[in-house]
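Source file: model_12.cif; contents: mmCIF, N, CA and C atoms and all ligand atoms.
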data_final
loop_
_atom_site.group_PDB
_atom_site.id
_atom_site.type_symbol
_atom_site.label_atom_id
_atom_site.label_comp_id
_atom_site.auth_asym_id
_atom_site.auth_seq_id
_atom_site.Cartn_x
_atom_site.Cartn_y
_atom_site.Cartn_z
ATOM 1 N N MET A 1 59.183 -96.508 8.815
ATOM 2 C CA MET A 1 59.312 -95.201 8.139
ATOM 3 C C MET A 1 58.309 -94.213 8.708
ATOM 4 N N ALA A 2 58.811 -93.119 9.208
ATOM 5 C CA ALA A 2 57.928 -92.134 9.822
ATOM 6 C C ALA A 2 57.193 -91.343 8.743
ATOM 7 N N GLN A 3 55.929 -91.181 8.989
ATOM 8 C CA GLN A 3 55.127 -90.411 8.030
ATOM 9 C C GLN A 3 55.078 -88.958 8.480
ATOM 10 N N ALA A 4 55.469 -88.068 7.603
ATOM 11 C CA ALA A 4 55.463 -86.651 7.941
ATOM 12 C C ALA A 4 54.032 -86.150 8.078
ATOM 13 N N ALA A 5 53.801 -85.419 9.138
ATOM 14 C CA ALA A 5 52.463 -84.865 9.342
ATOM 15 C C ALA A 5 52.199 -83.775 8.316
ATOM 16 N N GLN A 6 51.162 -83.955 7.556
ATOM 17 C CA GLN A 6 50.832 -82.965 6.532
ATOM 18 C C GLN A 6 49.587 -82.214 6.936
ATOM 19 N N LYS A 7 49.659 -80.893 6.832
ATOM 20 C CA LYS A 7 48.456 -80.119 7.111
ATOM 21 C C LYS A 7 47.501 -80.270 5.935
ATOM 22 N N PRO A 8 46.214 -80.387 6.227
ATOM 23 C CA PRO A 8 45.251 -80.626 5.152
ATOM 24 C C PRO A 8 45.272 -79.509 4.125
ATOM 25 N N GLU A 9 45.355 -79.920 2.874
ATOM 26 C CA GLU A 9 45.367 -78.933 1.792
ATOM 27 C C GLU A 9 43.967 -78.378 1.589
ATOM 28 N N GLU A 10 43.908 -77.086 1.340
ATOM 29 C CA GLU A 10 42.634 -76.465 1.025
ATOM 30 C C GLU A 10 42.215 -76.862 -0.377
ATOM 31 N N LYS A 11 40.969 -77.181 -0.522
ATOM 32 C CA LYS A 11 40.462 -77.570 -1.836
ATOM 33 C C LYS A 11 39.384 -76.601 -2.309
ATOM 34 N N CYS A 12 39.300 -76.483 -3.606
ATOM 35 C CA CYS A 12 38.242 -75.694 -4.216
ATOM 36 C C CYS A 12 36.924 -76.476 -4.148
ATOM 37 N N GLU A 13 35.842 -75.764 -4.375
ATOM 38 C CA GLU A 13 34.528 -76.417 -4.404
ATOM 39 C C GLU A 13 34.475 -77.520 -5.452
ATOM 40 N N CYS A 14 35.224 -77.335 -6.539
ATOM 41 C CA CYS A 14 35.220 -78.310 -7.632
ATOM 42 C C CYS A 14 36.115 -79.493 -7.321
ATOM 43 N N GLY A 15 36.846 -79.429 -6.208
ATOM 44 C CA GLY A 15 37.731 -80.521 -5.848
ATOM 45 C C GLY A 15 39.161 -80.310 -6.293
ATOM 46 N N GLY A 16 39.394 -79.234 -7.029
ATOM 47 C CA GLY A 16 40.754 -78.935 -7.491
ATOM 48 C C GLY A 16 41.606 -78.358 -6.379
ATOM 49 N N ASP A 17 42.892 -78.419 -6.569
ATOM 50 C CA ASP A 17 43.824 -77.866 -5.582
ATOM 51 C C ASP A 17 43.877 -76.354 -5.693
ATOM 52 N N LEU A 18 44.035 -75.726 -4.537
ATOM 53 C CA LEU A 18 44.200 -74.276 -4.515
ATOM 54 C C LEU A 18 45.678 -73.964 -4.387
ATOM 55 N N GLU A 19 46.154 -73.125 -5.276
ATOM 56 C CA GLU A 19 47.552 -72.724 -5.215
ATOM 57 C C GLU A 19 47.648 -71.224 -5.044
ATOM 58 N N TRP A 20 48.561 -70.812 -4.167
ATOM 59 C CA TRP A 20 48.750 -69.379 -3.932
ATOM 60 C C TRP A 20 49.248 -68.703 -5.196
ATOM 61 N N SER A 21 48.553 -67.680 -5.619
ATOM 62 C CA SER A 21 49.001 -66.887 -6.753
ATOM 63 C C SER A 21 49.481 -65.542 -6.256
ATOM 64 N N ARG A 22 50.762 -65.304 -6.425
ATOM 65 C CA ARG A 22 51.369 -64.069 -5.939
ATOM 66 C C ARG A 22 50.809 -62.865 -6.699
ATOM 67 N N SER A 23 50.587 -63.036 -7.992
ATOM 68 C CA SER A 23 50.118 -61.913 -8.800
ATOM 69 C C SER A 23 48.675 -61.566 -8.485
ATOM 70 N N CYS A 24 47.881 -62.571 -8.132
ATOM 71 C CA CYS A 24 46.474 -62.330 -7.819
ATOM 72 C C CYS A 24 46.284 -61.966 -6.349
ATOM 73 N N GLY A 25 47.201 -62.360 -5.504
ATOM 74 C CA GLY A 25 47.046 -62.126 -4.079
ATOM 75 C C GLY A 25 45.949 -62.970 -3.476
ATOM 76 N N ALA A 26 45.773 -64.163 -4.042
ATOM 77 C CA ALA A 26 44.726 -65.049 -3.562
ATOM 78 C C ALA A 26 45.096 -66.480 -3.900
ATOM 79 N N LYS A 27 44.365 -67.398 -3.295
ATOM 80 C CA LYS A 27 44.549 -68.796 -3.657
ATOM 81 C C LYS A 27 43.646 -69.099 -4.847
ATOM 82 N N VAL A 28 44.257 -69.664 -5.875
ATOM 83 C CA VAL A 28 43.549 -69.886 -7.130
ATOM 84 C C VAL A 28 43.492 -71.376 -7.421
ATOM 85 N N CYS A 29 42.315 -71.835 -7.836
ATOM 86 C CA CYS A 29 42.120 -73.241 -8.164
ATOM 87 C C CYS A 29 42.831 -73.576 -9.470
ATOM 88 N N VAL A 30 43.558 -74.696 -9.471
ATOM 89 C CA VAL A 30 44.295 -75.075 -10.674
ATOM 90 C C VAL A 30 43.355 -75.638 -11.742
ATOM 91 N N LYS A 31 42.161 -76.046 -11.338
ATOM 92 C CA LYS A 31 41.237 -76.657 -12.296
ATOM 93 C C LYS A 31 40.286 -75.635 -12.916
ATOM 94 N N CYS A 32 39.587 -74.867 -12.054
ATOM 95 C CA CYS A 32 38.519 -74.010 -12.581
ATOM 96 C C CYS A 32 38.858 -72.526 -12.457
ATOM 97 N N ASP A 33 40.047 -72.203 -11.918
ATOM 98 C CA ASP A 33 40.474 -70.811 -11.843
ATOM 99 C C ASP A 33 39.729 -70.012 -10.776
ATOM 100 N N ASN A 34 38.976 -70.669 -9.941
ATOM 101 C CA ASN A 34 38.266 -69.978 -8.873
ATOM 102 C C ASN A 34 39.257 -69.318 -7.919
ATOM 103 N N HIS A 35 38.980 -68.100 -7.529
ATOM 104 C CA HIS A 35 39.828 -67.380 -6.578
ATOM 105 C C HIS A 35 39.179 -67.465 -5.205
ATOM 106 N N LYS A 36 39.815 -68.196 -4.315
ATOM 107 C CA LYS A 36 39.255 -68.405 -2.985
ATOM 108 C C LYS A 36 39.099 -67.083 -2.248
ATOM 109 N N GLY A 37 37.880 -66.778 -1.817
ATOM 110 C CA GLY A 37 37.635 -65.589 -1.005
ATOM 111 C C GLY A 37 37.473 -64.313 -1.805
ATOM 112 N N LEU A 38 37.585 -64.394 -3.147
ATOM 113 C CA LEU A 38 37.443 -63.200 -3.967
ATOM 114 C C LEU A 38 36.231 -63.338 -4.882
ATOM 115 N N ALA A 39 35.707 -62.197 -5.304
ATOM 116 C CA ALA A 39 34.620 -62.197 -6.283
ATOM 117 C C ALA A 39 35.150 -61.840 -7.665
ATOM 118 N N ARG A 40 36.221 -61.064 -7.682
ATOM 119 C CA ARG A 40 36.841 -60.670 -8.959
ATOM 120 C C ARG A 40 38.298 -60.340 -8.709
ATOM 121 N N CYS A 41 39.053 -60.314 -9.790
ATOM 122 C CA CYS A 41 40.497 -60.168 -9.624
ATOM 123 C C CYS A 41 41.086 -59.309 -10.729
ATOM 124 N N PHE A 42 42.219 -58.714 -10.423
ATOM 125 C CA PHE A 42 42.931 -57.875 -11.398
ATOM 126 C C PHE A 42 43.327 -58.671 -12.639
ATOM 127 N N CYS A 43 43.489 -59.963 -12.535
ATOM 128 C CA CYS A 43 43.928 -60.768 -13.678
ATOM 129 C C CYS A 43 42.804 -60.942 -14.687
ATOM 130 N N GLY A 44 41.603 -60.475 -14.343
ATOM 131 C CA GLY A 44 40.495 -60.563 -15.286
ATOM 132 C C GLY A 44 39.452 -61.576 -14.872
ATOM 133 N N TRP A 45 39.790 -62.427 -13.921
ATOM 134 C CA TRP A 45 38.829 -63.424 -13.471
ATOM 135 C C TRP A 45 37.714 -62.766 -12.665
ATOM 136 N N SER A 46 36.506 -63.223 -12.862
ATOM 137 C CA SER A 46 35.377 -62.762 -12.071
ATOM 138 C C SER A 46 34.395 -63.910 -11.903
ATOM 139 N N LYS A 47 33.856 -63.989 -10.717
ATOM 140 C CA LYS A 47 32.914 -65.066 -10.422
ATOM 141 C C LYS A 47 31.646 -64.900 -11.247
ATOM 142 N N THR A 48 31.217 -63.642 -11.384
ATOM 143 C CA THR A 48 29.933 -63.386 -12.037
ATOM 144 C C THR A 48 30.082 -63.105 -13.531
ATOM 145 N N SER A 49 31.148 -62.397 -13.908
ATOM 146 C CA SER A 49 31.339 -62.050 -15.316
ATOM 147 C C SER A 49 32.726 -62.475 -15.767
ATOM 148 N N PRO A 50 32.867 -63.714 -16.198
ATOM 149 C CA PRO A 50 34.192 -64.215 -16.562
ATOM 150 C C PRO A 50 34.886 -63.312 -17.584
ATOM 151 N N GLY A 51 36.112 -62.960 -17.285
ATOM 152 C CA GLY A 51 36.905 -62.126 -18.181
ATOM 153 C C GLY A 51 36.731 -60.638 -17.943
ATOM 154 N N ARG A 52 35.797 -60.271 -17.056
ATOM 155 C CA ARG A 52 35.539 -58.846 -16.829
ATOM 156 C C ARG A 52 35.956 -58.401 -15.432
ATOM 157 N N GLY A 53 36.680 -59.209 -14.733
ATOM 158 C CA GLY A 53 37.061 -58.881 -13.360
ATOM 159 C C GLY A 53 37.774 -57.554 -13.262
ATOM 160 N N ARG A 54 38.655 -57.321 -14.206
ATOM 161 C CA ARG A 54 39.446 -56.085 -14.183
ATOM 162 C C ARG A 54 38.557 -54.865 -14.412
ATOM 163 N N GLU A 55 37.674 -54.975 -15.393
ATOM 164 C CA GLU A 55 36.750 -53.867 -15.658
ATOM 165 C C GLU A 55 35.862 -53.596 -14.450
ATOM 166 N N GLU A 56 35.400 -54.675 -13.841
ATOM 167 C CA GLU A 56 34.522 -54.512 -12.676
ATOM 168 C C GLU A 56 35.236 -53.789 -11.547
ATOM 169 N N LEU A 57 36.515 -54.119 -11.369
ATOM 170 C CA LEU A 57 37.288 -53.455 -10.319
ATOM 171 C C LEU A 57 37.464 -51.976 -10.641
ATOM 172 N N GLU A 58 37.695 -51.685 -11.912
ATOM 173 C CA GLU A 58 37.858 -50.285 -12.315
ATOM 174 C C GLU A 58 36.560 -49.515 -12.100
ATOM 175 N N GLU A 59 35.457 -50.153 -12.436
ATOM 176 C CA GLU A 59 34.156 -49.513 -12.232
ATOM 177 C C GLU A 59 33.895 -49.268 -10.752
ATOM 178 N N ALA A 60 34.407 -50.162 -9.922
ATOM 179 C CA ALA A 60 34.214 -50.033 -8.479
ATOM 180 C C ALA A 60 35.168 -49.006 -7.877
ATOM 181 N N GLY A 61 36.025 -48.414 -8.727
ATOM 182 C CA GLY A 61 36.913 -47.356 -8.250
ATOM 183 C C GLY A 61 38.224 -47.853 -7.693
ATOM 184 N N GLU A 62 38.542 -49.128 -7.967
ATOM 185 C CA GLU A 62 39.814 -49.670 -7.490
ATOM 186 C C GLU A 62 40.947 -49.113 -8.349
ATOM 187 N N THR A 63 42.028 -48.772 -7.700
ATOM 188 C CA THR A 63 43.200 -48.331 -8.437
ATOM 189 C C THR A 63 44.016 -49.546 -8.838
ATOM 190 N N ILE A 64 44.218 -49.682 -10.118
ATOM 191 C CA ILE A 64 44.982 -50.824 -10.598
ATOM 192 C C ILE A 64 46.404 -50.387 -10.904
ATOM 193 N N ASP A 65 47.310 -50.896 -10.063
ATOM 194 C CA ASP A 65 48.716 -50.579 -10.225
ATOM 195 C C ASP A 65 49.437 -51.830 -10.717
ATOM 196 N N PRO A 66 49.944 -51.773 -11.923
ATOM 197 C CA PRO A 66 50.596 -52.972 -12.470
ATOM 198 C C PRO A 66 51.872 -53.343 -11.738
ATOM 199 N N GLU A 67 52.519 -52.341 -11.142
ATOM 200 C CA GLU A 67 53.740 -52.625 -10.385
ATOM 201 C C GLU A 67 53.379 -52.770 -8.913
ATOM 202 N N GLU A 68 53.180 -54.006 -8.507
ATOM 203 C CA GLU A 68 52.801 -54.256 -7.123
ATOM 204 C C GLU A 68 54.056 -54.327 -6.258
ATOM 205 N N PRO A 69 54.130 -53.531 -5.206
ATOM 206 C CA PRO A 69 55.297 -53.651 -4.331
ATOM 207 C C PRO A 69 55.332 -55.021 -3.666
ATOM 208 N N SER A 70 56.486 -55.657 -3.687
ATOM 209 C CA SER A 70 56.568 -57.040 -3.211
ATOM 210 C C SER A 70 56.357 -57.129 -1.706
ATOM 211 N N ASP A 71 56.695 -56.063 -0.981
ATOM 212 C CA ASP A 71 56.489 -56.074 0.465
ATOM 213 C C ASP A 71 55.025 -56.285 0.796
ATOM 214 N N LEU A 72 54.195 -55.575 0.051
ATOM 215 C CA LEU A 72 52.762 -55.642 0.277
ATOM 216 C C LEU A 72 52.256 -57.051 0.022
ATOM 217 N N THR A 73 52.746 -57.669 -1.046
ATOM 218 C CA THR A 73 52.322 -59.022 -1.388
ATOM 219 C C THR A 73 52.709 -59.995 -0.285
ATOM 220 N N ASN A 74 53.906 -59.796 0.264
ATOM 221 C CA ASN A 74 54.364 -60.688 1.320
ATOM 222 C C ASN A 74 53.476 -60.580 2.556
ATOM 223 N N ASP A 75 53.117 -59.341 2.909
ATOM 224 C CA ASP A 75 52.235 -59.130 4.055
ATOM 225 C C ASP A 75 50.908 -59.821 3.828
ATOM 226 N N PHE A 76 50.421 -59.695 2.623
ATOM 227 C CA PHE A 76 49.120 -60.274 2.281
ATOM 228 C C PHE A 76 49.185 -61.787 2.381
ATOM 229 N N GLU A 77 50.283 -62.341 1.926
ATOM 230 C CA GLU A 77 50.444 -63.789 1.968
ATOM 231 C C GLU A 77 50.489 -64.274 3.410
ATOM 232 N N ALA A 78 51.171 -63.519 4.247
ATOM 233 C CA ALA A 78 51.295 -63.904 5.650
ATOM 234 C C ALA A 78 49.923 -63.904 6.317
ATOM 235 N N MET A 79 49.076 -62.997 5.893
ATOM 236 C CA MET A 79 47.728 -62.893 6.436
ATOM 237 C C MET A 79 46.920 -64.147 6.152
ATOM 238 N N PHE A 80 47.175 -64.759 5.009
ATOM 239 C CA PHE A 80 46.368 -65.894 4.577
ATOM 240 C C PHE A 80 46.893 -67.217 5.122
ATOM 241 N N SER A 81 48.151 -67.255 5.482
ATOM 242 C CA SER A 81 48.720 -68.536 5.897
ATOM 243 C C SER A 81 48.690 -68.720 7.400
HETATM 244 ZN ZN ZN B 101 43.464 -63.497 -10.381
HETATM 245 ZN ZN ZN B 102 37.969 -75.217 -8.722
#
Would you put the structure from the file into structure tokens?
Amino acid sequence: MAQAAQKPEEKCECGGDLEWSRSCGAKVCVKCDNHKGLARCFCGWSKTSPGRGREELEEAGETIDPEEPSDLTNDFEAMFS
């Protein structure tokens, strides 16, 4: 039986699996919610201030658009893979 070559899965620091989150535009840990490569996220996650990610982004002058164009998300995903 031939074994399919699997590319190594990226893991979080905590050892949890990272799964691509389309809404966050980042890879998110299924265990601890860590966003790979991000410090804070529109979904509210923040490395430094849990639950305040969105506020922090607003304070930083980021425009938060709830309707994300899917084309943009696809481009972003392609960049990461
Ligand atoms: Zn997020
Ligand atoms: Zn984790």
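Among the candidates A:Lys47, A:Lys36, A:Lys31, A:Arg54, the one nearest to ligand ZN 102 (chain B) when counting only C-alpha atoms and all ligand atoms is A:Lys31.
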* To do: State, in Å with one decimal place, the distance from atom N of Val28 in chain A to atom C of Gly51 in chain A.
  =>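 Those two atoms sit 16.8 Å apart.
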Output as CSV one row per residue of chain A within 10 Å of ligand ZN 102 (chain B): the closest atom pair and its distance in Å to one decimal place, counting only C-alpha atoms and all ligand atoms, sorted by chain and residue number ascending.
residue,atom,partner,partner_atom,distance
A:Lys11,CA,B:ZN102,ZN,7.7
A:Cys12,CA,B:ZN102,ZN,4.5
A:Glu13,CA,B:ZN102,ZN,5.7
A:Cys14,CA,B:ZN102,ZN,4.3
A:Gly15,CA,B:ZN102,ZN,6.0
A:Gly16,CA,B:ZN102,ZN,4.8
A:Asp17,CA,B:ZN102,ZN,7.2
A:Leu18,CA,B:ZN102,ZN,7.6
A:Val28,CA,B:ZN102,ZN,7.9
A:Cys29,CA,B:ZN102,ZN,4.6
A:Val30,CA,B:ZN102,ZN,6.6
A:Lys31,CA,B:ZN102,ZN,5.1
A:Cys32,CA,B:ZN102,ZN,4.1
A:Asp33,CA,B:ZN102,ZN,6.0
A:Asn34,CA,B:ZN102,ZN,5.2
A:His35,CA,B:ZN102,ZN,8.3
A:Lys36,CA,B:ZN102,ZN,9.0
* Residue nearest ligand ZN 101 (chain B) among A:Glu10, A:Cys43, A:Leu57, A:Trp20 (counting only C-alpha atoms and all ligand atoms) ->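 Using only C-alpha atoms and all ligand atoms, the shortest distance to ligand ZN 101 (chain B) belongs to A:Cys43.
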* **Evaluate the PyMOL selection byres (((chain A and resi 23) around 8) and not hetatm) and report residues as a count of residues only** => 9
* Asked: Mind pulling up the distance from atom N of Trp45 in chain A to atom N of Glu59 in chain A?
  ->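 Taking atom N of Glu59 in chain A as the start and atom N of Trp45 in chain A as the end point, the length is 13.1 Å.
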* Nearest to ligand ZN 101 (chain B), chosen from A:Gly37, A:Gly44, A:Gly61, A:Pro50, with all atoms listed in the file counted in the distances ->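 Using all atoms listed in the file, ligand ZN 101 (chain B) sits closest to A:Gly44.
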* Asked: Nearest to ligand ZN 101 (chain B) among A:Glu56, A:Ser49, A:Cys41, A:Glu62, with distances taken over only N, CA and C atoms and all ligand atoms: which residue is it?
  ->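 Looking at the shortest contact to ligand ZN 101 (chain B), the residue is A:Cys41.
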* From the set A:Arg40, A:Thr63, A:Glu58, A:Glu9, which residue has the shortest atom-to-atom contact distance to ligand ZN 101 (chain B), counting only N, CA and C atoms and all ligand atoms? ->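 Residue with the minimum atom-to-atom distance to ligand ZN 101 (chain B): A:Arg40.
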* Structure fact -> A straight line from CA of Glu19 in chain A to atom N of Ala39 in chain A spans 15.8 Å
